[in-house]
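A.B. asks: Handing over upload_25.txt, compact mmCIF, N, CA and C atoms.
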```txt
# COMPACT_ATOMS: atom_id res chain seq x y z
N MET Y 47 -5.65 9.00 10.28
CA MET Y 47 -4.41 8.81 9.57
C MET Y 47 -4.61 9.27 8.12
N LYS Y 48 -3.61 9.90 7.54
CA LYS Y 48 -3.67 10.30 6.13
C LYS Y 48 -3.16 9.14 5.28
N ILE Y 49 -4.04 8.63 4.44
CA ILE Y 49 -3.77 7.44 3.65
C ILE Y 49 -3.94 7.77 2.18
N GLY Y 50 -2.97 7.30 1.38
CA GLY Y 50 -3.09 7.41 -0.07
C GLY Y 50 -3.56 6.08 -0.62
N ILE Y 51 -4.34 6.13 -1.69
CA ILE Y 51 -4.85 4.92 -2.31
C ILE Y 51 -4.79 5.09 -3.83
N ALA Y 52 -4.47 4.00 -4.52
CA ALA Y 52 -4.38 4.04 -5.97
C ALA Y 52 -4.73 2.67 -6.54
N ALA Y 53 -5.28 2.68 -7.74
CA ALA Y 53 -5.60 1.43 -8.41
C ALA Y 53 -5.73 1.66 -9.91
N ASP Y 54 -5.41 0.63 -10.66
CA ASP Y 54 -5.72 0.64 -12.08
C ASP Y 54 -7.07 -0.03 -12.28
N HIS Y 55 -7.39 -0.37 -13.53
CA HIS Y 55 -8.69 -1.00 -13.82
C HIS Y 55 -8.88 -2.32 -13.08
N GLY Y 56 -7.78 -3.06 -12.85
CA GLY Y 56 -7.88 -4.34 -12.16
C GLY Y 56 -8.21 -4.22 -10.69
N GLY Y 57 -7.98 -3.05 -10.10
CA GLY Y 57 -8.27 -2.83 -8.69
C GLY Y 57 -9.28 -1.74 -8.44
N TYR Y 58 -9.80 -1.16 -9.52
CA TYR Y 58 -10.69 0.00 -9.38
C TYR Y 58 -11.91 -0.27 -8.50
N VAL Y 59 -12.60 -1.35 -8.73
CA VAL Y 59 -13.82 -1.64 -7.96
C VAL Y 59 -13.49 -1.83 -6.49
N LEU Y 60 -12.44 -2.57 -6.19
CA LEU Y 60 -12.04 -2.77 -4.80
C LEU Y 60 -11.62 -1.45 -4.17
N LYS Y 61 -10.89 -0.62 -4.90
CA LYS Y 61 -10.48 0.69 -4.38
C LYS Y 61 -11.69 1.52 -3.96
N GLU Y 62 -12.69 1.56 -4.81
CA GLU Y 62 -13.88 2.35 -4.50
C GLU Y 62 -14.59 1.82 -3.25
N GLU Y 63 -14.66 0.50 -3.10
CA GLU Y 63 -15.27 -0.09 -1.91
C GLU Y 63 -14.44 0.23 -0.67
N ILE Y 64 -13.14 0.13 -0.77
CA ILE Y 64 -12.24 0.38 0.36
C ILE Y 64 -12.27 1.85 0.77
N LYS Y 65 -12.34 2.74 -0.20
CA LYS Y 65 -12.40 4.18 0.10
C LYS Y 65 -13.57 4.50 1.01
N SER Y 66 -14.73 3.98 0.70
CA SER Y 66 -15.92 4.24 1.52
C SER Y 66 -15.73 3.73 2.94
N TRP Y 67 -15.19 2.53 3.05
CA TRP Y 67 -14.96 1.93 4.36
C TRP Y 67 -13.95 2.74 5.16
N LEU Y 68 -12.83 3.13 4.54
CA LEU Y 68 -11.81 3.91 5.25
C LEU Y 68 -12.35 5.27 5.70
N ALA Y 69 -13.13 5.89 4.84
CA ALA Y 69 -13.73 7.18 5.21
C ALA Y 69 -14.67 7.02 6.40
N SER Y 70 -15.39 5.91 6.45
CA SER Y 70 -16.31 5.68 7.57
C SER Y 70 -15.56 5.50 8.89
N LEU Y 71 -14.29 5.13 8.81
CA LEU Y 71 -13.46 4.99 10.01
C LEU Y 71 -12.79 6.31 10.40
N GLY Y 72 -12.99 7.34 9.58
CA GLY Y 72 -12.44 8.66 9.90
C GLY Y 72 -11.08 8.95 9.32
N HIS Y 73 -10.58 8.10 8.44
CA HIS Y 73 -9.28 8.35 7.83
C HIS Y 73 -9.39 9.46 6.78
N ASN Y 74 -8.30 10.20 6.65
CA ASN Y 74 -8.19 11.24 5.63
C ASN Y 74 -7.57 10.60 4.39
N LEU Y 75 -8.32 10.55 3.29
CA LEU Y 75 -7.88 9.83 2.10
C LEU Y 75 -7.46 10.76 0.98
N LYS Y 76 -6.42 10.35 0.28
CA LYS Y 76 -6.03 11.00 -0.97
C LYS Y 76 -6.05 9.93 -2.04
N ASP Y 77 -6.89 10.12 -3.03
CA ASP Y 77 -7.07 9.16 -4.12
C ASP Y 77 -6.19 9.56 -5.29
N PHE Y 78 -5.23 8.71 -5.63
CA PHE Y 78 -4.31 8.96 -6.73
C PHE Y 78 -4.81 8.38 -8.05
N GLY Y 79 -6.05 7.92 -8.07
CA GLY Y 79 -6.64 7.36 -9.29
C GLY Y 79 -6.51 5.86 -9.31
N ALA Y 80 -7.06 5.30 -10.25
CA ALA Y 80 -7.85 5.82 -11.35
C ALA Y 80 -9.17 6.39 -10.83
N HIS Y 81 -9.66 7.39 -11.56
CA HIS Y 81 -10.89 8.04 -11.15
C HIS Y 81 -12.09 7.57 -11.95
N GLN Y 82 -11.84 6.68 -12.87
CA GLN Y 82 -12.91 6.02 -13.61
C GLN Y 82 -12.38 4.69 -14.12
N LEU Y 83 -13.26 3.79 -14.39
CA LEU Y 83 -12.87 2.47 -14.88
C LEU Y 83 -12.49 2.58 -16.36
N ASN Y 84 -11.22 2.28 -16.64
CA ASN Y 84 -10.70 2.33 -18.00
C ASN Y 84 -9.83 1.10 -18.23
N PRO Y 85 -10.31 0.12 -18.95
CA PRO Y 85 -9.57 -1.12 -19.16
C PRO Y 85 -8.20 -0.94 -19.82
N ALA Y 86 -7.94 0.23 -20.39
CA ALA Y 86 -6.67 0.47 -21.07
C ALA Y 86 -5.65 1.21 -20.20
N ASP Y 87 -5.98 1.50 -18.93
CA ASP Y 87 -5.02 2.25 -18.11
C ASP Y 87 -3.89 1.34 -17.62
N ASP Y 88 -2.86 1.97 -17.05
CA ASP Y 88 -1.65 1.26 -16.62
C ASP Y 88 -1.35 1.56 -15.15
N PHE Y 89 -1.12 0.51 -14.36
CA PHE Y 89 -0.91 0.69 -12.92
C PHE Y 89 0.21 1.66 -12.55
N PRO Y 90 1.33 1.73 -13.28
CA PRO Y 90 2.37 2.67 -12.85
C PRO Y 90 1.91 4.13 -12.83
N ASP Y 91 0.94 4.47 -13.68
CA ASP Y 91 0.47 5.85 -13.74
C ASP Y 91 -0.20 6.30 -12.45
N PHE Y 92 -0.65 5.36 -11.64
CA PHE Y 92 -1.32 5.68 -10.39
C PHE Y 92 -0.47 5.29 -9.17
N VAL Y 93 0.20 4.15 -9.28
CA VAL Y 93 0.98 3.63 -8.15
C VAL Y 93 2.23 4.46 -7.90
N VAL Y 94 2.90 4.91 -8.94
CA VAL Y 94 4.13 5.69 -8.74
C VAL Y 94 3.85 7.01 -8.04
N PRO Y 95 2.85 7.80 -8.44
CA PRO Y 95 2.56 9.01 -7.67
C PRO Y 95 2.19 8.72 -6.21
N LEU Y 96 1.47 7.64 -5.97
CA LEU Y 96 1.16 7.23 -4.60
C LEU Y 96 2.44 6.93 -3.84
N ALA Y 97 3.32 6.14 -4.43
CA ALA Y 97 4.56 5.77 -3.76
C ALA Y 97 5.42 7.00 -3.46
N LYS Y 98 5.46 7.94 -4.39
CA LYS Y 98 6.21 9.18 -4.15
C LYS Y 98 5.61 9.97 -2.99
N ALA Y 99 4.30 9.95 -2.86
CA ALA Y 99 3.64 10.65 -1.74
C ALA Y 99 3.95 9.96 -0.42
N VAL Y 100 4.04 8.64 -0.42
CA VAL Y 100 4.44 7.91 0.79
C VAL Y 100 5.88 8.27 1.15
N ALA Y 101 6.75 8.25 0.16
CA ALA Y 101 8.17 8.52 0.40
C ALA Y 101 8.40 9.94 0.93
N SER Y 102 7.63 10.90 0.44
CA SER Y 102 7.81 12.30 0.85
C SER Y 102 7.13 12.62 2.17
N GLY Y 103 6.26 11.73 2.64
CA GLY Y 103 5.52 11.99 3.87
C GLY Y 103 4.22 12.73 3.64
N GLU Y 104 3.86 12.96 2.38
CA GLU Y 104 2.58 13.60 2.07
C GLU Y 104 1.41 12.77 2.61
N VAL Y 105 1.56 11.44 2.55
CA VAL Y 105 0.62 10.53 3.18
C VAL Y 105 1.42 9.61 4.10
N GLU Y 106 0.78 9.14 5.17
CA GLU Y 106 1.48 8.30 6.14
C GLU Y 106 1.64 6.86 5.66
N ARG Y 107 0.62 6.34 5.00
CA ARG Y 107 0.64 4.97 4.48
C ARG Y 107 -0.04 4.96 3.13
N GLY Y 108 0.28 3.92 2.35
CA GLY Y 108 -0.31 3.79 1.04
C GLY Y 108 -0.95 2.43 0.82
N ILE Y 109 -1.97 2.44 -0.03
CA ILE Y 109 -2.65 1.21 -0.44
C ILE Y 109 -2.69 1.22 -1.96
N ALA Y 110 -2.06 0.23 -2.59
CA ALA Y 110 -2.03 0.14 -4.04
C ALA Y 110 -2.71 -1.16 -4.47
N ILE Y 111 -3.58 -1.05 -5.46
CA ILE Y 111 -4.35 -2.21 -5.90
C ILE Y 111 -4.28 -2.31 -7.43
N CYS Y 112 -3.87 -3.46 -7.91
CA CYS Y 112 -3.99 -3.76 -9.33
C CYS Y 112 -4.65 -5.14 -9.42
N GLY Y 113 -4.66 -5.74 -10.57
CA GLY Y 113 -5.36 -7.02 -10.71
C GLY Y 113 -4.86 -8.08 -9.75
N SER Y 114 -3.55 -8.30 -9.75
CA SER Y 114 -2.96 -9.32 -8.88
C SER Y 114 -2.26 -8.71 -7.67
N GLY Y 115 -1.90 -7.45 -7.74
CA GLY Y 115 -1.09 -6.80 -6.70
C GLY Y 115 0.39 -6.88 -6.99
N VAL Y 116 0.79 -7.75 -7.90
CA VAL Y 116 2.21 -7.95 -8.21
C VAL Y 116 2.80 -6.72 -8.88
N GLY Y 117 2.16 -6.25 -9.94
CA GLY Y 117 2.69 -5.09 -10.65
C GLY Y 117 2.76 -3.86 -9.75
N ALA Y 118 1.74 -3.65 -8.94
CA ALA Y 118 1.74 -2.52 -8.01
C ALA Y 118 2.92 -2.61 -7.05
N SER Y 119 3.20 -3.80 -6.57
CA SER Y 119 4.32 -4.00 -5.65
C SER Y 119 5.66 -3.71 -6.33
N ILE Y 120 5.82 -4.21 -7.53
CA ILE Y 120 7.06 -3.97 -8.27
C ILE Y 120 7.27 -2.48 -8.50
N ALA Y 121 6.23 -1.80 -8.98
CA ALA Y 121 6.35 -0.37 -9.27
C ALA Y 121 6.62 0.44 -8.01
N ALA Y 122 5.89 0.17 -6.94
CA ALA Y 122 6.05 0.94 -5.70
C ALA Y 122 7.45 0.82 -5.13
N ASN Y 123 8.03 -0.36 -5.22
CA ASN Y 123 9.35 -0.58 -4.65
C ASN Y 123 10.47 0.04 -5.45
N LYS Y 124 10.18 0.61 -6.60
CA LYS Y 124 11.19 1.34 -7.38
C LYS Y 124 11.45 2.72 -6.81
N ILE Y 125 10.57 3.17 -5.92
CA ILE Y 125 10.67 4.51 -5.33
C ILE Y 125 11.40 4.40 -4.00
N GLY Y 126 12.48 5.17 -3.85
CA GLY Y 126 13.26 5.16 -2.62
C GLY Y 126 12.41 5.51 -1.41
N ASP Y 127 12.72 4.90 -0.29
CA ASP Y 127 12.02 5.08 0.99
C ASP Y 127 10.63 4.47 1.02
N VAL Y 128 10.29 3.70 0.00
CA VAL Y 128 9.03 2.96 0.01
C VAL Y 128 9.35 1.50 0.25
N ARG Y 129 8.60 0.93 1.17
CA ARG Y 129 8.73 -0.50 1.47
C ARG Y 129 7.34 -1.09 1.30
N ALA Y 130 7.14 -1.65 0.11
CA ALA Y 130 5.83 -2.17 -0.27
C ALA Y 130 5.88 -3.69 -0.36
N ALA Y 131 4.74 -4.31 -0.08
CA ALA Y 131 4.65 -5.76 -0.21
C ALA Y 131 3.25 -6.16 -0.61
N LEU Y 132 3.19 -7.21 -1.40
CA LEU Y 132 1.93 -7.84 -1.76
C LEU Y 132 1.50 -8.69 -0.58
N ILE Y 133 0.32 -8.43 -0.06
CA ILE Y 133 -0.14 -9.07 1.17
C ILE Y 133 -1.41 -9.87 0.91
N HIS Y 134 -1.42 -11.11 1.46
CA HIS Y 134 -2.60 -11.98 1.37
C HIS Y 134 -3.05 -12.49 2.73
N ASP Y 135 -2.30 -12.18 3.81
CA ASP Y 135 -2.67 -12.70 5.13
C ASP Y 135 -2.44 -11.64 6.19
N SER Y 136 -3.20 -11.73 7.27
CA SER Y 136 -3.14 -10.73 8.34
C SER Y 136 -1.79 -10.68 9.04
N PHE Y 137 -1.17 -11.84 9.24
CA PHE Y 137 0.13 -11.85 9.92
C PHE Y 137 1.13 -11.00 9.16
N SER Y 138 1.25 -11.21 7.85
CA SER Y 138 2.20 -10.44 7.05
C SER Y 138 1.83 -8.96 7.01
N ALA Y 139 0.54 -8.66 7.06
CA ALA Y 139 0.09 -7.27 7.03
C ALA Y 139 0.61 -6.48 8.22
N HIS Y 140 0.58 -7.08 9.41
CA HIS Y 140 1.09 -6.34 10.58
C HIS Y 140 2.58 -6.59 10.80
N GLN Y 141 3.05 -7.78 10.55
CA GLN Y 141 4.47 -8.09 10.76
C GLN Y 141 5.35 -7.29 9.81
N GLY Y 142 4.87 -7.05 8.59
CA GLY Y 142 5.64 -6.25 7.64
C GLY Y 142 5.89 -4.84 8.13
N VAL Y 143 4.95 -4.29 8.87
CA VAL Y 143 5.12 -2.97 9.47
C VAL Y 143 6.00 -3.08 10.71
N GLU Y 144 5.68 -4.01 11.59
CA GLU Y 144 6.37 -4.13 12.88
C GLU Y 144 7.86 -4.40 12.72
N ASP Y 145 8.22 -5.30 11.83
CA ASP Y 145 9.62 -5.69 11.68
C ASP Y 145 10.34 -4.97 10.55
N ASP Y 146 9.64 -4.68 9.46
CA ASP Y 146 10.29 -4.18 8.25
C ASP Y 146 9.90 -2.75 7.89
N ASP Y 147 9.10 -2.11 8.72
CA ASP Y 147 8.65 -0.73 8.50
C ASP Y 147 7.97 -0.55 7.14
N MET Y 148 7.19 -1.56 6.75
CA MET Y 148 6.43 -1.47 5.51
C MET Y 148 5.50 -0.27 5.58
N ASN Y 149 5.47 0.53 4.51
CA ASN Y 149 4.63 1.71 4.51
C ASN Y 149 3.62 1.75 3.36
N LEU Y 150 3.59 0.69 2.55
CA LEU Y 150 2.64 0.62 1.45
C LEU Y 150 2.22 -0.83 1.27
N ILE Y 151 0.93 -1.06 1.33
CA ILE Y 151 0.40 -2.41 1.16
C ILE Y 151 -0.14 -2.55 -0.27
N CYS Y 152 0.13 -3.68 -0.88
CA CYS Y 152 -0.36 -3.96 -2.22
C CYS Y 152 -1.34 -5.12 -2.16
N LEU Y 153 -2.44 -4.96 -2.87
CA LEU Y 153 -3.49 -5.97 -2.90
C LEU Y 153 -3.89 -6.27 -4.33
N GLY Y 154 -4.40 -7.45 -4.54
CA GLY Y 154 -4.90 -7.84 -5.84
C GLY Y 154 -6.42 -7.71 -5.90
N GLY Y 155 -6.91 -6.83 -6.72
CA GLY Y 155 -8.34 -6.62 -6.85
C GLY Y 155 -9.07 -7.83 -7.41
N ARG Y 156 -8.33 -8.70 -8.10
CA ARG Y 156 -8.93 -9.91 -8.64
C ARG Y 156 -8.62 -11.12 -7.76
N VAL Y 157 -7.99 -10.86 -6.61
CA VAL Y 157 -7.54 -11.94 -5.72
C VAL Y 157 -8.27 -11.91 -4.38
N VAL Y 158 -8.43 -10.73 -3.80
CA VAL Y 158 -9.08 -10.61 -2.49
C VAL Y 158 -10.39 -9.85 -2.63
N GLY Y 159 -11.36 -10.24 -1.86
CA GLY Y 159 -12.64 -9.54 -1.81
C GLY Y 159 -12.57 -8.39 -0.83
N SER Y 160 -13.63 -7.62 -0.78
CA SER Y 160 -13.62 -6.41 0.05
C SER Y 160 -13.49 -6.71 1.54
N LYS Y 161 -14.13 -7.76 2.04
CA LYS Y 161 -14.04 -8.07 3.47
C LYS Y 161 -12.62 -8.53 3.83
N ALA Y 162 -12.02 -9.35 2.99
CA ALA Y 162 -10.64 -9.77 3.23
C ALA Y 162 -9.71 -8.56 3.16
N ALA Y 163 -9.93 -7.68 2.19
CA ALA Y 163 -9.11 -6.48 2.06
C ALA Y 163 -9.23 -5.61 3.31
N GLU Y 164 -10.43 -5.47 3.85
CA GLU Y 164 -10.62 -4.69 5.08
C GLU Y 164 -9.81 -5.28 6.22
N GLU Y 165 -9.82 -6.60 6.34
CA GLU Y 165 -9.06 -7.26 7.40
C GLU Y 165 -7.55 -7.02 7.23
N LEU Y 166 -7.06 -7.14 6.02
CA LEU Y 166 -5.64 -6.95 5.76
C LEU Y 166 -5.23 -5.49 5.99
N ILE Y 167 -6.03 -4.57 5.51
CA ILE Y 167 -5.72 -3.15 5.68
C ILE Y 167 -5.80 -2.75 7.15
N SER Y 168 -6.76 -3.28 7.87
CA SER Y 168 -6.85 -2.99 9.32
C SER Y 168 -5.59 -3.40 10.04
N ALA Y 169 -5.12 -4.62 9.76
CA ALA Y 169 -3.89 -5.10 10.40
C ALA Y 169 -2.71 -4.21 10.03
N PHE Y 170 -2.63 -3.80 8.77
CA PHE Y 170 -1.56 -2.93 8.27
C PHE Y 170 -1.60 -1.56 8.96
N LEU Y 171 -2.76 -0.96 9.04
CA LEU Y 171 -2.87 0.40 9.59
C LEU Y 171 -2.69 0.45 11.10
N LYS Y 172 -3.07 -0.61 11.81
CA LYS Y 172 -2.94 -0.63 13.26
C LYS Y 172 -1.51 -0.90 13.72
N ALA Y 173 -0.72 -1.50 12.87
CA ALA Y 173 0.64 -1.90 13.24
C ALA Y 173 1.59 -0.70 13.28
N ARG Y 174 2.59 -0.80 14.12
CA ARG Y 174 3.64 0.21 14.24
C ARG Y 174 5.01 -0.48 14.19
N PHE Y 175 5.99 0.21 13.62
CA PHE Y 175 7.36 -0.31 13.55
C PHE Y 175 7.91 -0.46 14.97
N ILE Y 176 8.39 -1.65 15.28
CA ILE Y 176 8.93 -1.93 16.61
C ILE Y 176 10.23 -1.18 16.84
N GLY Y 177 11.07 -1.16 15.83
CA GLY Y 177 12.31 -0.38 15.92
C GLY Y 177 13.38 -0.98 16.79
N GLY Y 178 13.31 -2.28 17.02
CA GLY Y 178 14.37 -2.94 17.77
C GLY Y 178 15.70 -2.87 17.03
N GLU Y 179 16.77 -3.10 17.75
CA GLU Y 179 18.12 -2.98 17.16
C GLU Y 179 18.26 -3.84 15.92
N ARG Y 180 17.80 -5.08 15.98
CA ARG Y 180 17.95 -5.97 14.81
C ARG Y 180 17.09 -5.51 13.64
N HIS Y 181 15.92 -4.92 13.94
CA HIS Y 181 15.07 -4.42 12.87
C HIS Y 181 15.67 -3.19 12.21
N ARG Y 182 16.23 -2.29 13.01
CA ARG Y 182 16.87 -1.10 12.46
C ARG Y 182 18.11 -1.47 11.66
N ARG Y 183 18.87 -2.43 12.15
CA ARG Y 183 20.07 -2.88 11.44
C ARG Y 183 19.69 -3.41 10.05
N ARG Y 184 18.66 -4.21 10.00
CA ARG Y 184 18.22 -4.78 8.72
C ARG Y 184 17.66 -3.69 7.81
N LEU Y 185 16.89 -2.79 8.37
CA LEU Y 185 16.32 -1.70 7.58
C LEU Y 185 17.42 -0.81 7.01
N ASP Y 186 18.47 -0.56 7.80
CA ASP Y 186 19.61 0.23 7.30
C ASP Y 186 20.27 -0.44 6.10
N LYS Y 187 20.35 -1.77 6.14
CA LYS Y 187 20.95 -2.49 5.01
C LYS Y 187 20.07 -2.38 3.77
N VAL Y 188 18.77 -2.41 3.96
CA VAL Y 188 17.85 -2.26 2.82
C VAL Y 188 17.95 -0.83 2.28
N LYS Y 189 17.96 0.16 3.15
CA LYS Y 189 18.07 1.56 2.71
C LYS Y 189 19.38 1.81 1.97
N ALA Y 190 20.44 1.13 2.36
CA ALA Y 190 21.73 1.30 1.68
C ALA Y 190 21.65 0.85 0.22
N LEU Y 191 20.76 -0.05 -0.09
CA LEU Y 191 20.59 -0.50 -1.47
C LEU Y 191 20.03 0.60 -2.36
N GLU Y 192 19.37 1.57 -1.77
CA GLU Y 192 18.74 2.65 -2.54
C GLU Y 192 19.73 3.74 -2.92
N LYS Y 193 20.93 3.67 -2.39
CA LYS Y 193 21.94 4.73 -2.66
C LYS Y 193 22.78 4.40 -3.86
```
Can the structure from this file be put into C-alpha cells for me?
C.D. replies:
Amino acid sequence: MKIGIAADHGGYVLKEEIKSWLASLGHNLKDFGAHQLNPADDFPDFVVPLAKAVASGEVERGIAICGSGVGASIAANKIGDVRAALIHDSFSAHQGVEDDDMNLICLGGRVVGSKAAEELISAFLKARFIGGERHRRRLDKVKALEK
C-alpha cells in the first residue's frame, strides 16, 4: 500500500520508528517531513501536504503525528476529501475506516509508544470501508459540508 507519513518535532521520533516498521512490511512510503528534528517547526507545514496527497489519491492512506495528535487532526480535516481522526484504541482505528471511510490516522508522539502505534496503524491499514447504505448516506452528508 502507498502510505504517506508526516510529523512535526513532537512526532518526529515516533515517525522515524514507524517508517522503519512500515517499510519492513513492504509498504511504499512517502515521507512529507519533518526530515530532521527541529523544535521550532509547525505541524501544518507537514500535515497539510500529506492531507492533500491523501485527497488527490497520490497516497492511499495517511499517518500524521504531532505531540498530542490534536493539531494534526484539526489541520488534516481542513482539506476536502480527507477524513482524519485522532486515534488511541484499536476499535476506533478499524471502525473509523469501516463505517466512516477514514483515510488519515492521527497519533500523538508524546501520547503513544511505538508498539501501541504499530497496533493502531495495523488496525487502520487492514480495515476497508464497508460501504453499506447507511454508511454511504452518512458519508454523503459529511461530504456535503465540504461544498
A.B. asks: Using Å and a single decimal, report how far atom CA of Y:Leu153 sits from atom CA of Y:Leu60.
C.D. replies: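 One can read the atom CA of Y:Leu60 to atom CA of Y:Leu153 distance as 9.3 Å.
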A.B. asks: Dig up all the protein and nucleic acid residues within 8 Å of (15.0, 2.5, -4.2) in the file frame, using all atoms listed in the file, and format them as a ChimeraX atom specification.
C.D. replies: /Y:122-128,188-189,191-193
A.B. asks: Go ahead and save the residues from that selection, with N, CA and C atoms, as a CSV table (one decimal), keeping the file's coordinate frame.
C.D. replies:
```csv
chain,number,residue,atom,x,y,z
Y,122,ALA,N,5.9,0.2,-6.9
Y,122,ALA,CA,6.0,0.9,-5.7
Y,122,ALA,C,7.4,0.8,-5.1
Y,123,ASN,N,8.0,-0.4,-5.2
Y,123,ASN,CA,9.4,-0.6,-4.6
Y,123,ASN,C,10.5,0.0,-5.4
Y,124,LYS,N,10.2,0.6,-6.6
Y,124,LYS,CA,11.2,1.3,-7.4
Y,124,LYS,C,11.4,2.7,-6.8
Y,125,ILE,N,10.6,3.2,-5.9
Y,125,ILE,CA,10.7,4.5,-5.3
Y,125,ILE,C,11.4,4.4,-4.0
Y,126,GLY,N,12.5,5.2,-3.8
Y,126,GLY,CA,13.3,5.2,-2.6
Y,126,GLY,C,12.4,5.5,-1.4
Y,127,ASP,N,12.7,4.9,-0.3
Y,127,ASP,CA,12.0,5.1,1.0
Y,127,ASP,C,10.6,4.5,1.0
Y,128,VAL,N,10.3,3.7,0.0
Y,128,VAL,CA,9.0,3.0,0.0
Y,128,VAL,C,9.4,1.5,0.2
Y,188,VAL,N,18.8,-2.4,4.0
Y,188,VAL,CA,17.8,-2.3,2.8
Y,188,VAL,C,18.0,-0.8,2.3
Y,189,LYS,N,18.0,0.2,3.2
Y,189,LYS,CA,18.1,1.6,2.7
Y,189,LYS,C,19.4,1.8,2.0
Y,191,LEU,N,20.8,0.0,-0.1
Y,191,LEU,CA,20.6,-0.5,-1.5
Y,191,LEU,C,20.0,0.6,-2.4
Y,192,GLU,N,19.4,1.6,-1.8
Y,192,GLU,CA,18.7,2.6,-2.5
Y,192,GLU,C,19.7,3.7,-2.9
Y,193,LYS,N,20.9,3.7,-2.4
Y,193,LYS,CA,21.9,4.7,-2.7
Y,193,LYS,C,22.8,4.4,-3.9
```
A.B. asks: When you look at Y:Met148 with a cut-off of 7 Å (counting only N, CA and C atoms), what residues show up, excluding the ones that are within fewer than 3 positions of it in the same chain? I need them as a PyMOL selection string.
C.D. replies: chain Y and resi 128-131+141-145+151+175
A.B. asks: Counting only C-alpha atoms, figure out which residue out of Y:Ala163, Y:Val158, Y:Leu150, Y:Ala53 gets nearest to Y:Gly108.
C.D. replies: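 When distances to Y:Gly108 are compared using only C-alpha atoms, the smallest one comes from Y:Leu150.
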A.B. asks: How many Å separate atom C of Y:Gly72 from atom CA of Y:Gly50?
C.D. replies: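 Rounded to one decimal, the two atoms are 12.4 Å apart.
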